[in-house]
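Accompanying notes for the structure given below.
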Amino acid sequence: MQKIGVFICHCGTNIAATVDVEAVTEAIKNEPGVVYAANYQYMCSENGQALIKNAIAEYGLTGVVVCSCSPRMHEATFRKAAQEAGLNPYMVEIANIREHCSWIHKDKVEATEKAIILARAAIAKVHLNAPLISGQSDVTKRALVIGGGIAGIQTALDIAEAGFEVDIVEKSPTIGGKMAQLDKTFPTLDCAACILTPKMVDAKSNDKITLYTYSEVESVKGFVGNFEVSIRKKARYVNTDLCTGCGECTTKCPSRKAKSEFNMGLMNRGAIYIPFAQAIPNVATIDPQYCIHMKTGKCGLCEKVCSAHAIDFKQQDEIVEQKYGAIVMATGFNLINLDQFDEFGYSKYPDVVTSLEFERLMNAAGPTEGTLLRPSNHEHPHTLVFVQCVGSRDTSGCGKPYCSKICCMYTAKHAMLVRDKYPDTEVYVFYIDVRTPGKNFDEFYRRAVEQYGVHYIKGMVGKVTDKDGKLIVQGSDLLENKQLKIEADMVVLAAAVEPDPSARSVASMLTASIDTNDFMTEAHAKLRPVESPTAGIFLSGMAQGPKDIPETVSQASACAAKVIGLLAKDHLVNNPCVAQSNELRCNGCSNCEKVCPYGAISYIEKEVNDHGVREVRRIAQVNEAVCQGCGACTVTCPSGAMDLKGFSTNQIMAEVDAICR
Amino acid sequence: MSLNEETKKEYKPLIVAFCCNWCSYAGADLAGSSRLTYPTDVKIIRVPCSCRVNPLFVLRAFQRGADGVIIAGCHPGDCHYTSGNYFARRRMTLLFSMLDYLGIERERTRVEWISAAEGVKFSTTMNEFAKTIHELGENKKLRDLRCEE
């Protein structure tokens, strides 16, 4: 019989206000095996932990039950405390009487009864706990960063700085991401390219960093410290070792139908192209969808003009296999599709543009070389209307329920830049709220209003129509309580951001969880914001949630610090809650081997001693370093030979019994 | 006042919820930290994955007097262990149809996909399920009478 100590936490008033902790202590005192029961204000505090440690020593406890918050919160804390007092950490069980009881119930009598039942279930379980010893596994000292935007670049640079190898996988032909497309950045108005391109060059020239551009992650196997990843390097049809990036082919290419992704489709590019002048790597890529030679076998002009003989129409995709200790998700964002927002006429009128298109129209390297011109007639616009929250904070189902966070600031930036460059233009901004938390952010917005005379109108735009080549913007001014009609030359929509569409499939490959909006879920929203609940997966940039550049860069560095912490270890402690096979019960059917998602089960021929009968049998064997402890094998096993340590059949049955008592 | 006296006055169903550690248990935690209420009838047992739930656990719960059993796991495609929830889905589909055949109403058993971010879904699911079980009343079909005092 175990000697069990039960420790009930008040959690200040979080638990004690709804659960009568004294009554719980009284009720479980006489449970079989309970030799000590106590309650304390904050069990996780140093004093609370000391209470547990002292009781272990004084009463010779063999099992501990802590009735407190979720095990996802403090299980590790209490296990560590037990270990310090000489008890095996896996002899500790948590009864979750906060998240699953006191916080969700109002009636004190009912909540107290439930808390007692949950405590009894934990006591019943701990009776059947056995000390578990963790194994160790090695750490591959190399990190993979998925996504080569500013988040991925910064994370990779910081990891490389610590001396570890890093690979960046980027699906487009160049690194740089969305930031490379921006004109200026708030709140300082320095040009995006000026601050980003040196970092891109650093990433390329750093000998610890390997860039896989125009590449995608094909599959991921393994677990923290030991991921096995295959990366598909898509065929560029250009030998990157030979290509000098002179750009001769891109100017000569006769196919001009492809829309430039870098310029948001505002101008066309050749079938062979370099996305932009500062692209890294600065090599050409052939788009087979538009290449005349690939489609008809004719043309081949690029091959003729290339003095480096880099064109290779026969190139094939290449698969690279690599091992990693940690993986960083930095897959970034996109603007939402505006087809559902008919009222703004985005798909109908060329002069209605998204904010990212507007960035290109203002950019010196953009389609208009930095002169702001209406896409419809290439004339200078005199009146501009900016619309904020297009699809953000939208609970109608068309858009996104969240705030995209960056739009208020970049709209103020756009308005300011227009007024600065063209003082003769009138600029209107329709907003629901102006949200400017951040260092020097509100000052920046006020400058737009006070210094640059931008007209801010609180209200939404109801409709955009056209009349005689002008856009008629109908909206409401909520402060003046009147309807407005503005004749505009251009309308700029601050479309909501959303995670890059690749995030979902990559997250599923990594078995990392994502939320209802496809943003990556953190291990803890406040305390572990750059880690995924899946060990070894880290989060950087917009993939985790909307954020601006300063925040992205800080998060990227934070993420790198966590990766470095992992890679700096020589060994990782494995989860000891893994499957184990009872060799006397195993009938060698192979069912468990078939359902194991990790290939952790293999069959061996082994001599067993079954009640005096010695014979060689085919039995299942679990590789404890590979088993992740899901328990699929335990249920599929027809003879009941497979069990899961820490969540054994008997333990769960005991919990069921205690709850249904 | 003992629990038994209370149950005599008003029927309080007993619901056992098996929640996977990575999604639904975390969803229940989020429901808790968001203070989204559901009845005390629901008692949660943590399992690493929905595929750890042996059909025998469900039978045991009914034998011991549970009125409803719910298994909650990660959404299809989002399983922390890649494919565990698919096994759970298949096993429970079979089990539930067998239970139905034995006279345990379909509504007493349920499989739900609730992610770590769906605190609201967790609470609404549990409220709905508790209401259904309350309407169905006590489950006596499978109860092992030897367990009763």
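In the structure tokens, chains take the letters A, B, ... in the order shown, each chain's residues start at 1, and ligands count up from 1 in the order shown.
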May I have the residues of chain A within 7 Å of chain B, counting only C-alpha atoms, written as a ChimeraX atom specification? /A:70,99-100,103-105,110-111,114,508,511-513,515-516,597,630-632,634-635,647,653,656-657,660
Taking the backbone alone, and naming residues the way the document does, which bits of segment 85-134 of chain A are helix (DSSP H, G or I) by DSSP, as an NGL selection string? :A and (89-91 or 98-102 or 108-127)
From segment 450-557 of chain A, collect each residue whose DSSP state is strand (DSSP E) and return the set as an mmCIF file with all heavy atoms, in the first residue's frame.
```cif
data_model
loop_
_atom_site.group_PDB
_atom_site.id
_atom_site.type_symbol
_atom_site.label_atom_id
_atom_site.label_comp_id
_atom_site.auth_asym_id
_atom_site.auth_seq_id
_atom_site.Cartn_x
_atom_site.Cartn_y
_atom_site.Cartn_z
ATOM 1 N N HIS A 455 -7.078 63.730 -43.104
ATOM 2 C CA HIS A 455 -8.431 63.773 -42.548
ATOM 3 C C HIS A 455 -8.810 62.394 -42.037
ATOM 4 O O HIS A 455 -9.033 61.470 -42.818
ATOM 5 C CB HIS A 455 -9.445 64.202 -43.612
ATOM 6 C CG HIS A 455 -9.058 65.473 -44.300
ATOM 7 N ND1 HIS A 455 -9.000 66.683 -43.648
ATOM 8 C CD2 HIS A 455 -8.685 65.719 -45.582
ATOM 9 C CE1 HIS A 455 -8.612 67.624 -44.503
ATOM 10 N NE2 HIS A 455 -8.403 67.066 -45.687
ATOM 11 N N TYR A 456 -8.891 62.229 -40.736
ATOM 12 C CA TYR A 456 -9.315 60.963 -40.154
ATOM 13 C C TYR A 456 -10.825 61.017 -39.904
ATOM 14 O O TYR A 456 -11.315 61.944 -39.261
ATOM 15 C CB TYR A 456 -8.552 60.692 -38.848
ATOM 16 C CG TYR A 456 -7.309 59.858 -39.069
ATOM 17 C CD1 TYR A 456 -6.163 60.437 -39.615
ATOM 18 C CD2 TYR A 456 -7.281 58.497 -38.746
ATOM 19 C CE1 TYR A 456 -5.025 59.668 -39.836
ATOM 20 C CE2 TYR A 456 -6.142 57.731 -38.961
ATOM 21 C CZ TYR A 456 -5.019 58.321 -39.507
ATOM 22 O OH TYR A 456 -3.903 57.563 -39.735
ATOM 23 N N ILE A 457 -11.538 60.022 -40.422
ATOM 24 C CA ILE A 457 -12.995 59.981 -40.274
ATOM 25 C C ILE A 457 -13.366 58.681 -39.560
ATOM 26 O O ILE A 457 -13.029 57.592 -40.036
ATOM 27 C CB ILE A 457 -13.690 60.018 -41.649
ATOM 28 C CG1 ILE A 457 -13.275 61.284 -42.404
ATOM 29 C CG2 ILE A 457 -15.203 59.943 -41.499
ATOM 30 C CD1 ILE A 457 -13.539 61.214 -43.890
ATOM 31 N N LYS A 458 -14.038 58.819 -38.420
ATOM 32 C CA LYS A 458 -14.456 57.601 -37.709
ATOM 33 C C LYS A 458 -15.716 57.060 -38.366
ATOM 34 O O LYS A 458 -16.763 57.708 -38.342
ATOM 35 C CB LYS A 458 -14.711 57.898 -36.231
ATOM 36 C CG LYS A 458 -14.973 56.624 -35.421
ATOM 37 C CD LYS A 458 -15.113 56.931 -33.946
ATOM 38 C CE LYS A 458 -15.542 55.703 -33.166
ATOM 39 N NZ LYS A 458 -14.499 54.702 -32.993
ATOM 40 N N VAL A 461 -16.680 52.579 -44.657
ATOM 41 C CA VAL A 461 -17.096 52.835 -46.028
ATOM 42 C C VAL A 461 -18.142 51.790 -46.402
ATOM 43 O O VAL A 461 -17.943 50.597 -46.175
ATOM 44 C CB VAL A 461 -15.882 52.758 -46.971
ATOM 45 C CG1 VAL A 461 -16.314 52.737 -48.426
ATOM 46 C CG2 VAL A 461 -14.953 53.934 -46.705
ATOM 47 N N GLY A 462 -19.268 52.274 -46.944
ATOM 48 C CA GLY A 462 -20.344 51.347 -47.286
ATOM 49 C C GLY A 462 -20.246 50.865 -48.708
ATOM 50 O O GLY A 462 -20.567 49.718 -49.018
ATOM 51 N N LYS A 463 -19.761 51.732 -49.598
ATOM 52 C CA LYS A 463 -19.788 51.375 -51.007
ATOM 53 C C LYS A 463 -18.779 52.214 -51.781
ATOM 54 O O LYS A 463 -18.575 53.382 -51.492
ATOM 55 C CB LYS A 463 -21.194 51.642 -51.555
ATOM 56 C CG LYS A 463 -21.518 50.801 -52.763
ATOM 57 C CD LYS A 463 -22.977 50.928 -53.133
ATOM 58 C CE LYS A 463 -23.286 49.906 -54.225
ATOM 59 N NZ LYS A 463 -24.628 50.055 -54.747
ATOM 60 N N VAL A 464 -18.170 51.606 -52.779
ATOM 61 C CA VAL A 464 -17.324 52.337 -53.720
ATOM 62 C C VAL A 464 -17.890 52.090 -55.116
ATOM 63 O O VAL A 464 -18.070 50.942 -55.523
ATOM 64 C CB VAL A 464 -15.851 51.875 -53.643
ATOM 65 C CG1 VAL A 464 -14.996 52.607 -54.666
ATOM 66 C CG2 VAL A 464 -15.284 52.070 -52.246
ATOM 67 N N THR A 465 -18.190 53.169 -55.822
ATOM 68 C CA THR A 465 -18.688 53.042 -57.203
ATOM 69 C C THR A 465 -17.837 53.929 -58.095
ATOM 70 O O THR A 465 -17.009 54.689 -57.589
ATOM 71 C CB THR A 465 -20.163 53.493 -57.312
ATOM 72 O OG1 THR A 465 -20.270 54.774 -56.696
ATOM 73 C CG2 THR A 465 -21.098 52.512 -56.645
ATOM 74 N N ASP A 466 -18.030 53.856 -59.396
ATOM 75 C CA ASP A 466 -17.275 54.784 -60.234
ATOM 76 C C ASP A 466 -18.198 55.650 -61.068
ATOM 77 O O ASP A 466 -19.332 55.273 -61.396
ATOM 78 C CB ASP A 466 -16.256 54.048 -61.111
ATOM 79 C CG ASP A 466 -16.900 53.280 -62.241
ATOM 80 O OD1 ASP A 466 -18.074 52.879 -62.073
ATOM 81 O OD2 ASP A 466 -16.231 53.060 -63.265
ATOM 82 N N LYS A 467 -17.703 56.864 -61.353
ATOM 83 C CA LYS A 467 -18.494 57.821 -62.118
ATOM 84 C C LYS A 467 -17.509 58.725 -62.841
ATOM 85 O O LYS A 467 -16.657 59.354 -62.204
ATOM 86 C CB LYS A 467 -19.353 58.634 -61.148
ATOM 87 C CG LYS A 467 -20.419 59.456 -61.843
ATOM 88 C CD LYS A 467 -21.167 60.290 -60.807
ATOM 89 C CE LYS A 467 -22.016 61.332 -61.486
ATOM 90 N NZ LYS A 467 -22.499 62.329 -60.531
ATOM 91 N N LYS A 470 -13.938 58.665 -61.891
ATOM 92 C CA LYS A 470 -13.624 58.905 -60.474
ATOM 93 C C LYS A 470 -14.244 57.791 -59.634
ATOM 94 O O LYS A 470 -15.224 57.159 -60.046
ATOM 95 C CB LYS A 470 -14.239 60.235 -60.020
ATOM 96 C CG LYS A 470 -13.553 61.455 -60.589
ATOM 97 C CD LYS A 470 -12.590 61.988 -59.577
ATOM 98 C CE LYS A 470 -11.976 63.303 -60.051
ATOM 99 N NZ LYS A 470 -10.839 63.689 -59.232
ATOM 100 N N LEU A 471 -13.689 57.577 -58.461
ATOM 101 C CA LEU A 471 -14.288 56.603 -57.553
ATOM 102 C C LEU A 471 -15.138 57.367 -56.548
ATOM 103 O O LEU A 471 -14.663 58.327 -55.939
ATOM 104 C CB LEU A 471 -13.200 55.816 -56.820
ATOM 105 C CG LEU A 471 -12.332 54.899 -57.687
ATOM 106 C CD1 LEU A 471 -11.096 54.471 -56.910
ATOM 107 C CD2 LEU A 471 -13.114 53.679 -58.150
ATOM 108 N N ILE A 472 -16.394 56.963 -56.424
ATOM 109 C CA ILE A 472 -17.259 57.622 -55.443
ATOM 110 C C ILE A 472 -17.283 56.752 -54.189
ATOM 111 O O ILE A 472 -17.751 55.617 -54.210
ATOM 112 C CB ILE A 472 -18.698 57.792 -55.974
ATOM 113 C CG1 ILE A 472 -18.686 58.369 -57.393
ATOM 114 C CG2 ILE A 472 -19.546 58.620 -55.019
ATOM 115 C CD1 ILE A 472 -18.156 59.771 -57.509
ATOM 116 N N VAL A 473 -16.756 57.307 -53.117
ATOM 117 C CA VAL A 473 -16.684 56.556 -51.862
ATOM 118 C C VAL A 473 -17.809 57.019 -50.947
ATOM 119 O O VAL A 473 -17.866 58.203 -50.585
ATOM 120 C CB VAL A 473 -15.317 56.764 -51.174
ATOM 121 C CG1 VAL A 473 -15.254 55.973 -49.880
ATOM 122 C CG2 VAL A 473 -14.191 56.379 -52.102
ATOM 123 N N GLN A 474 -18.714 56.117 -50.634
ATOM 124 C CA GLN A 474 -19.810 56.470 -49.729
ATOM 125 C C GLN A 474 -19.521 55.864 -48.363
ATOM 126 O O GLN A 474 -19.283 54.669 -48.240
ATOM 127 C CB GLN A 474 -21.129 55.918 -50.246
ATOM 128 C CG GLN A 474 -21.534 56.517 -51.573
ATOM 129 C CD GLN A 474 -22.801 55.880 -52.101
ATOM 130 O OE1 GLN A 474 -23.778 55.740 -51.384
ATOM 131 N NE2 GLN A 474 -22.778 55.489 -53.359
ATOM 132 N N GLY A 475 -19.538 56.736 -47.376
ATOM 133 C CA GLY A 475 -19.244 56.234 -46.036
ATOM 134 C C GLY A 475 -19.987 57.050 -45.011
ATOM 135 O O GLY A 475 -20.697 58.010 -45.343
ATOM 136 N N SER A 476 -19.840 56.651 -43.752
ATOM 137 C CA SER A 476 -20.515 57.420 -42.714
ATOM 138 C C SER A 476 -19.494 58.001 -41.762
ATOM 139 O O SER A 476 -18.464 57.388 -41.493
ATOM 140 C CB SER A 476 -21.493 56.521 -41.966
ATOM 141 O OG SER A 476 -20.827 55.337 -41.599
ATOM 142 N N ASP A 477 -19.797 59.200 -41.301
ATOM 143 C CA ASP A 477 -18.963 59.833 -40.283
ATOM 144 C C ASP A 477 -19.720 59.723 -38.977
ATOM 145 O O ASP A 477 -20.728 60.398 -38.762
ATOM 146 C CB ASP A 477 -18.725 61.298 -40.668
ATOM 147 C CG ASP A 477 -17.798 61.988 -39.689
ATOM 148 O OD1 ASP A 477 -17.723 61.543 -38.517
ATOM 149 O OD2 ASP A 477 -17.134 62.964 -40.088
ATOM 150 N N LYS A 482 -23.170 61.889 -39.960
ATOM 151 C CA LYS A 482 -23.679 62.199 -41.309
ATOM 152 C C LYS A 482 -23.068 61.259 -42.340
ATOM 153 O O LYS A 482 -22.049 60.618 -42.093
ATOM 154 C CB LYS A 482 -23.382 63.662 -41.663
ATOM 155 C CG LYS A 482 -21.905 63.988 -41.741
ATOM 156 C CD LYS A 482 -21.693 65.439 -42.127
ATOM 157 C CE LYS A 482 -20.208 65.726 -42.241
ATOM 158 N NZ LYS A 482 -19.853 67.105 -42.333
ATOM 159 N N GLN A 483 -23.739 61.184 -43.468
ATOM 160 C CA GLN A 483 -23.256 60.359 -44.568
ATOM 161 C C GLN A 483 -22.313 61.183 -45.431
ATOM 162 O O GLN A 483 -22.550 62.383 -45.653
ATOM 163 C CB GLN A 483 -24.436 59.860 -45.416
ATOM 164 C CG GLN A 483 -25.394 58.940 -44.675
ATOM 165 C CD GLN A 483 -24.699 57.672 -44.183
ATOM 166 O OE1 GLN A 483 -24.000 57.011 -44.937
ATOM 167 N NE2 GLN A 483 -24.870 57.357 -42.900
ATOM 168 N N LEU A 484 -21.277 60.553 -45.907
ATOM 169 C CA LEU A 484 -20.300 61.271 -46.727
ATOM 170 C C LEU A 484 -20.226 60.651 -48.110
ATOM 171 O O LEU A 484 -20.461 59.456 -48.289
ATOM 172 C CB LEU A 484 -18.905 61.172 -46.095
ATOM 173 C CG LEU A 484 -18.654 61.846 -44.756
ATOM 174 C CD1 LEU A 484 -17.239 61.547 -44.309
ATOM 175 C CD2 LEU A 484 -18.853 63.350 -44.864
ATOM 176 N N LYS A 485 -19.887 61.483 -49.078
ATOM 177 C CA LYS A 485 -19.637 61.011 -50.434
ATOM 178 C C LYS A 485 -18.345 61.687 -50.859
ATOM 179 O O LYS A 485 -18.282 62.916 -50.948
ATOM 180 C CB LYS A 485 -20.783 61.445 -51.350
ATOM 181 C CG LYS A 485 -21.399 60.290 -52.105
ATOM 182 C CD LYS A 485 -22.481 60.759 -53.019
ATOM 183 C CE LYS A 485 -23.516 59.664 -53.185
ATOM 184 N NZ LYS A 485 -24.532 59.989 -54.158
ATOM 185 N N ILE A 486 -17.302 60.909 -51.059
ATOM 186 C CA ILE A 486 -16.013 61.517 -51.431
ATOM 187 C C ILE A 486 -15.668 61.078 -52.843
ATOM 188 O O ILE A 486 -15.725 59.884 -53.167
ATOM 189 C CB ILE A 486 -14.910 61.101 -50.438
ATOM 190 C CG1 ILE A 486 -15.255 61.597 -49.031
ATOM 191 C CG2 ILE A 486 -13.557 61.656 -50.869
ATOM 192 C CD1 ILE A 486 -14.371 61.058 -47.934
ATOM 193 N N GLU A 487 -15.327 62.045 -53.672
ATOM 194 C CA GLU A 487 -14.856 61.734 -55.025
ATOM 195 C C GLU A 487 -13.367 61.479 -54.943
ATOM 196 O O GLU A 487 -12.586 62.392 -54.673
ATOM 197 C CB GLU A 487 -15.102 62.915 -55.966
ATOM 198 C CG GLU A 487 -16.444 62.858 -56.635
ATOM 199 C CD GLU A 487 -16.544 63.834 -57.800
ATOM 200 O OE1 GLU A 487 -15.499 64.228 -58.347
ATOM 201 O OE2 GLU A 487 -17.673 64.207 -58.142
ATOM 202 N N ALA A 488 -12.958 60.262 -55.167
ATOM 203 C CA ALA A 488 -11.551 59.932 -54.966
ATOM 204 C C ALA A 488 -10.929 59.446 -56.265
ATOM 205 O O ALA A 488 -11.630 58.988 -57.181
ATOM 206 C CB ALA A 488 -11.433 58.850 -53.905
ATOM 207 N N MET A 490 -8.095 57.367 -55.928
ATOM 208 C CA MET A 490 -7.615 56.036 -55.540
ATOM 209 C C MET A 490 -8.197 55.662 -54.184
ATOM 210 O O MET A 490 -8.396 56.526 -53.334
ATOM 211 C CB MET A 490 -6.090 55.994 -55.440
ATOM 212 C CG MET A 490 -5.388 55.752 -56.755
ATOM 213 S SD MET A 490 -3.616 55.659 -56.499
ATOM 214 C CE MET A 490 -3.445 53.989 -55.948
ATOM 215 N N VAL A 491 -8.446 54.368 -53.996
ATOM 216 C CA VAL A 491 -8.885 53.864 -52.693
ATOM 217 C C VAL A 491 -7.888 52.773 -52.275
ATOM 218 O O VAL A 491 -7.558 51.891 -53.072
ATOM 219 C CB VAL A 491 -10.318 53.285 -52.758
ATOM 220 C CG1 VAL A 491 -10.689 52.610 -51.448
ATOM 221 C CG2 VAL A 491 -11.315 54.377 -53.099
ATOM 222 N N VAL A 492 -7.388 52.898 -51.053
ATOM 223 C CA VAL A 492 -6.414 51.918 -50.566
ATOM 224 C C VAL A 492 -7.040 51.135 -49.412
ATOM 225 O O VAL A 492 -7.492 51.725 -48.429
ATOM 226 C CB VAL A 492 -5.107 52.613 -50.095
ATOM 227 C CG1 VAL A 492 -4.085 51.563 -49.682
ATOM 228 C CG2 VAL A 492 -4.559 53.510 -51.183
ATOM 229 N N LEU A 493 -7.071 49.810 -49.561
ATOM 230 C CA LEU A 493 -7.736 48.975 -48.559
ATOM 231 C C LEU A 493 -6.707 48.307 -47.644
ATOM 232 O O LEU A 493 -5.810 47.608 -48.114
ATOM 233 C CB LEU A 493 -8.559 47.879 -49.257
ATOM 234 C CG LEU A 493 -9.591 48.369 -50.292
ATOM 235 C CD1 LEU A 493 -10.243 47.165 -50.963
ATOM 236 C CD2 LEU A 493 -10.644 49.264 -49.655
ATOM 237 N N ALA A 494 -6.867 48.554 -46.358
ATOM 238 C CA ALA A 494 -5.986 47.898 -45.381
ATOM 239 C C ALA A 494 -6.561 46.514 -45.095
ATOM 240 O O ALA A 494 -7.290 46.304 -44.123
ATOM 241 C CB ALA A 494 -5.902 48.725 -44.113
ATOM 242 N N ALA A 495 -6.248 45.569 -45.983
ATOM 243 C CA ALA A 495 -6.823 44.228 -45.870
ATOM 244 C C ALA A 495 -6.228 43.493 -44.672
ATOM 245 O O ALA A 495 -5.059 43.685 -44.327
ATOM 246 C CB ALA A 495 -6.552 43.442 -47.146
ATOM 247 N N VAL A 497 -4.626 40.647 -42.319
ATOM 248 C CA VAL A 497 -3.564 39.672 -42.557
ATOM 249 C C VAL A 497 -4.084 38.287 -42.171
ATOM 250 O O VAL A 497 -4.989 38.161 -41.365
ATOM 251 C CB VAL A 497 -2.291 39.986 -41.730
ATOM 252 C CG1 VAL A 497 -1.726 41.332 -42.111
ATOM 253 C CG2 VAL A 497 -2.555 39.900 -40.246
ATOM 254 N N GLU A 498 -3.511 37.286 -42.795
ATOM 255 C CA GLU A 498 -3.821 35.912 -42.399
ATOM 256 C C GLU A 498 -2.544 35.083 -42.530
ATOM 257 O O GLU A 498 -1.639 35.457 -43.278
ATOM 258 C CB GLU A 498 -4.945 35.315 -43.260
ATOM 259 C CG GLU A 498 -4.566 35.148 -44.718
ATOM 260 C CD GLU A 498 -5.678 34.547 -45.566
ATOM 261 O OE1 GLU A 498 -6.750 34.262 -45.033
ATOM 262 O OE2 GLU A 498 -5.439 34.371 -46.766
ATOM 263 N N PRO A 499 -2.445 33.964 -41.819
ATOM 264 C CA PRO A 499 -1.231 33.153 -41.933
ATOM 265 C C PRO A 499 -1.068 32.663 -43.360
ATOM 266 O O PRO A 499 -2.058 32.450 -44.055
ATOM 267 C CB PRO A 499 -1.498 31.972 -40.998
ATOM 268 C CG PRO A 499 -2.616 32.388 -40.128
ATOM 269 C CD PRO A 499 -3.423 33.371 -40.881
ATOM 270 N N ILE A 537 9.640 22.409 -31.572
ATOM 271 C CA ILE A 537 9.105 23.306 -32.598
ATOM 272 C C ILE A 537 8.975 24.703 -31.993
ATOM 273 O O ILE A 537 8.389 24.867 -30.920
ATOM 274 C CB ILE A 537 7.715 22.842 -33.103
ATOM 275 C CG1 ILE A 537 7.721 21.365 -33.482
ATOM 276 C CG2 ILE A 537 7.235 23.716 -34.257
ATOM 277 C CD1 ILE A 537 8.595 21.001 -34.644
ATOM 278 N N PHE A 538 9.524 25.696 -32.682
ATOM 279 C CA PHE A 538 9.538 27.059 -32.167
ATOM 280 C C PHE A 538 8.849 28.005 -33.146
ATOM 281 O O PHE A 538 8.761 27.713 -34.338
ATOM 282 C CB PHE A 538 10.981 27.492 -31.906
ATOM 283 C CG PHE A 538 11.669 26.613 -30.906
ATOM 284 C CD1 PHE A 538 12.302 25.439 -31.300
ATOM 285 C CD2 PHE A 538 11.642 26.926 -29.559
ATOM 286 C CE1 PHE A 538 12.907 24.606 -30.375
ATOM 287 C CE2 PHE A 538 12.241 26.095 -28.621
ATOM 288 C CZ PHE A 538 12.882 24.934 -29.027
ATOM 289 N N LEU A 539 8.362 29.129 -32.617
ATOM 290 C CA LEU A 539 7.533 30.021 -33.421
ATOM 291 C C LEU A 539 8.176 31.394 -33.569
ATOM 292 O O LEU A 539 8.659 31.961 -32.592
ATOM 293 C CB LEU A 539 6.158 30.193 -32.771
ATOM 294 C CG LEU A 539 5.525 28.934 -32.199
ATOM 295 C CD1 LEU A 539 4.246 29.269 -31.466
ATOM 296 C CD2 LEU A 539 5.268 27.937 -33.311
#
```
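Across the model, the gap from atom CA of Gly640 of chain A to atom CA of Cys596 of chain A is 15.8 Å.
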Skip Glu443 of chain A itself and residues of its chain fewer than 3 positions away, then list as a PyMOL selection string all residues within 12 Å of it, counting only C-alpha atoms. chain A and resi 186-188+409+412-413+435-440+446-451
Tell me, as a PyMOL selection string, which residues lie within 12 Å of Val613 of chain A, counting only C-alpha atoms; anything in the same chain fewer than 5 positions away does not count. chain A and resi 584+607-608
8 Å contact set for segment 94-105 of chain B, only C-alpha atoms, chain neighbours under 4 positions out, as a JSON list (two decimals) with C-alpha atoms, in the first residue's frame:
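Just written: out-v2.json:
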```json
[["chain", "number", "residue", "atom", "x", "y", "z"],
["B", 55, "PRO", "CA", -13.51, 0.81, -25.42],
["B", 90, "ARG", "CA", -13.08, 4.14, -35.85],
["B", 109, "THR", "CA", -21.93, 8.48, -26.12],
["B", 139, "ASN", "CA", -28.61, 4.94, -17.40],
["B", 141, "LYS", "CA", -28.98, -0.78, -18.81],
["B", 142, "LEU", "CA", -25.32, -1.58, -18.33]]
```
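Those residues that approach Tyr290 of chain A to within 10 Å, counting only C-alpha atoms, are Ser255, Arg256, Lys257, Ala258, Gly270, Ala271, Ile272, Ile286, Asp287, Pro288, Ile292, His293, Met294 and Lys295 of chain A; same-chain residues fewer than 2 positions away are not listed.
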Next, dump the selected residues to file, keeping only N, CA and C atoms, as a short mmCIF file (atom, residue, chain, number, x, y, z; two decimals), in the first residue's frame.
```cif
data_model
loop_
_atom_site.label_atom_id
_atom_site.label_comp_id
_atom_site.auth_asym_id
_atom_site.auth_seq_id
_atom_site.Cartn_x
_atom_site.Cartn_y
_atom_site.Cartn_z
N SER A 255 8.61 36.13 -73.34
CA SER A 255 7.34 35.88 -72.67
C SER A 255 7.13 36.95 -71.61
N ARG A 256 6.05 37.69 -71.71
CA ARG A 256 5.82 38.78 -70.76
C ARG A 256 4.44 38.68 -70.11
N LYS A 257 3.94 37.47 -70.02
CA LYS A 257 2.56 37.32 -69.53
C LYS A 257 2.49 37.11 -68.02
N ALA A 258 3.58 36.65 -67.42
CA ALA A 258 3.53 36.33 -65.99
C ALA A 258 3.47 37.60 -65.16
N GLY A 270 9.30 38.44 -66.97
CA GLY A 270 9.60 37.43 -67.96
C GLY A 270 9.35 36.04 -67.38
N ALA A 271 9.37 35.03 -68.27
CA ALA A 271 9.24 33.66 -67.78
C ALA A 271 10.50 33.28 -67.03
N ILE A 272 11.64 33.85 -67.45
CA ILE A 272 12.85 33.72 -66.64
C ILE A 272 13.02 35.05 -65.92
N ILE A 286 13.42 29.97 -63.95
CA ILE A 286 12.48 29.88 -65.06
C ILE A 286 11.14 29.38 -64.55
N ASP A 287 10.08 30.10 -64.90
CA ASP A 287 8.73 29.72 -64.52
C ASP A 287 8.18 28.84 -65.64
N PRO A 288 8.12 27.52 -65.45
CA PRO A 288 7.78 26.61 -66.56
C PRO A 288 6.38 26.86 -67.13
N ILE A 292 8.28 29.68 -73.03
CA ILE A 292 7.88 29.24 -74.38
C ILE A 292 8.62 27.95 -74.75
N HIS A 293 9.89 27.89 -74.36
CA HIS A 293 10.67 26.69 -74.69
C HIS A 293 10.12 25.45 -73.98
N MET A 294 9.75 25.62 -72.72
CA MET A 294 9.24 24.47 -71.96
C MET A 294 7.89 24.02 -72.51
N LYS A 295 7.15 24.96 -73.07
CA LYS A 295 5.82 24.60 -73.56
C LYS A 295 5.82 24.12 -75.00
#
```
Which polymer residues have any atom within 7 Å of an atom of Glu75 of chain A, counting only C-alpha atoms, with same-chain residues fewer than 4 positions away left out, as a list in words? Pro71, Arg79 and Ile94 of chain A
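With only C-alpha atoms as the atoms that count, the residue of A:Leu211, A:Leu644, A:Leu61, A:Ile159 with the shortest distance to Lys233 of chain A is A:Leu211.
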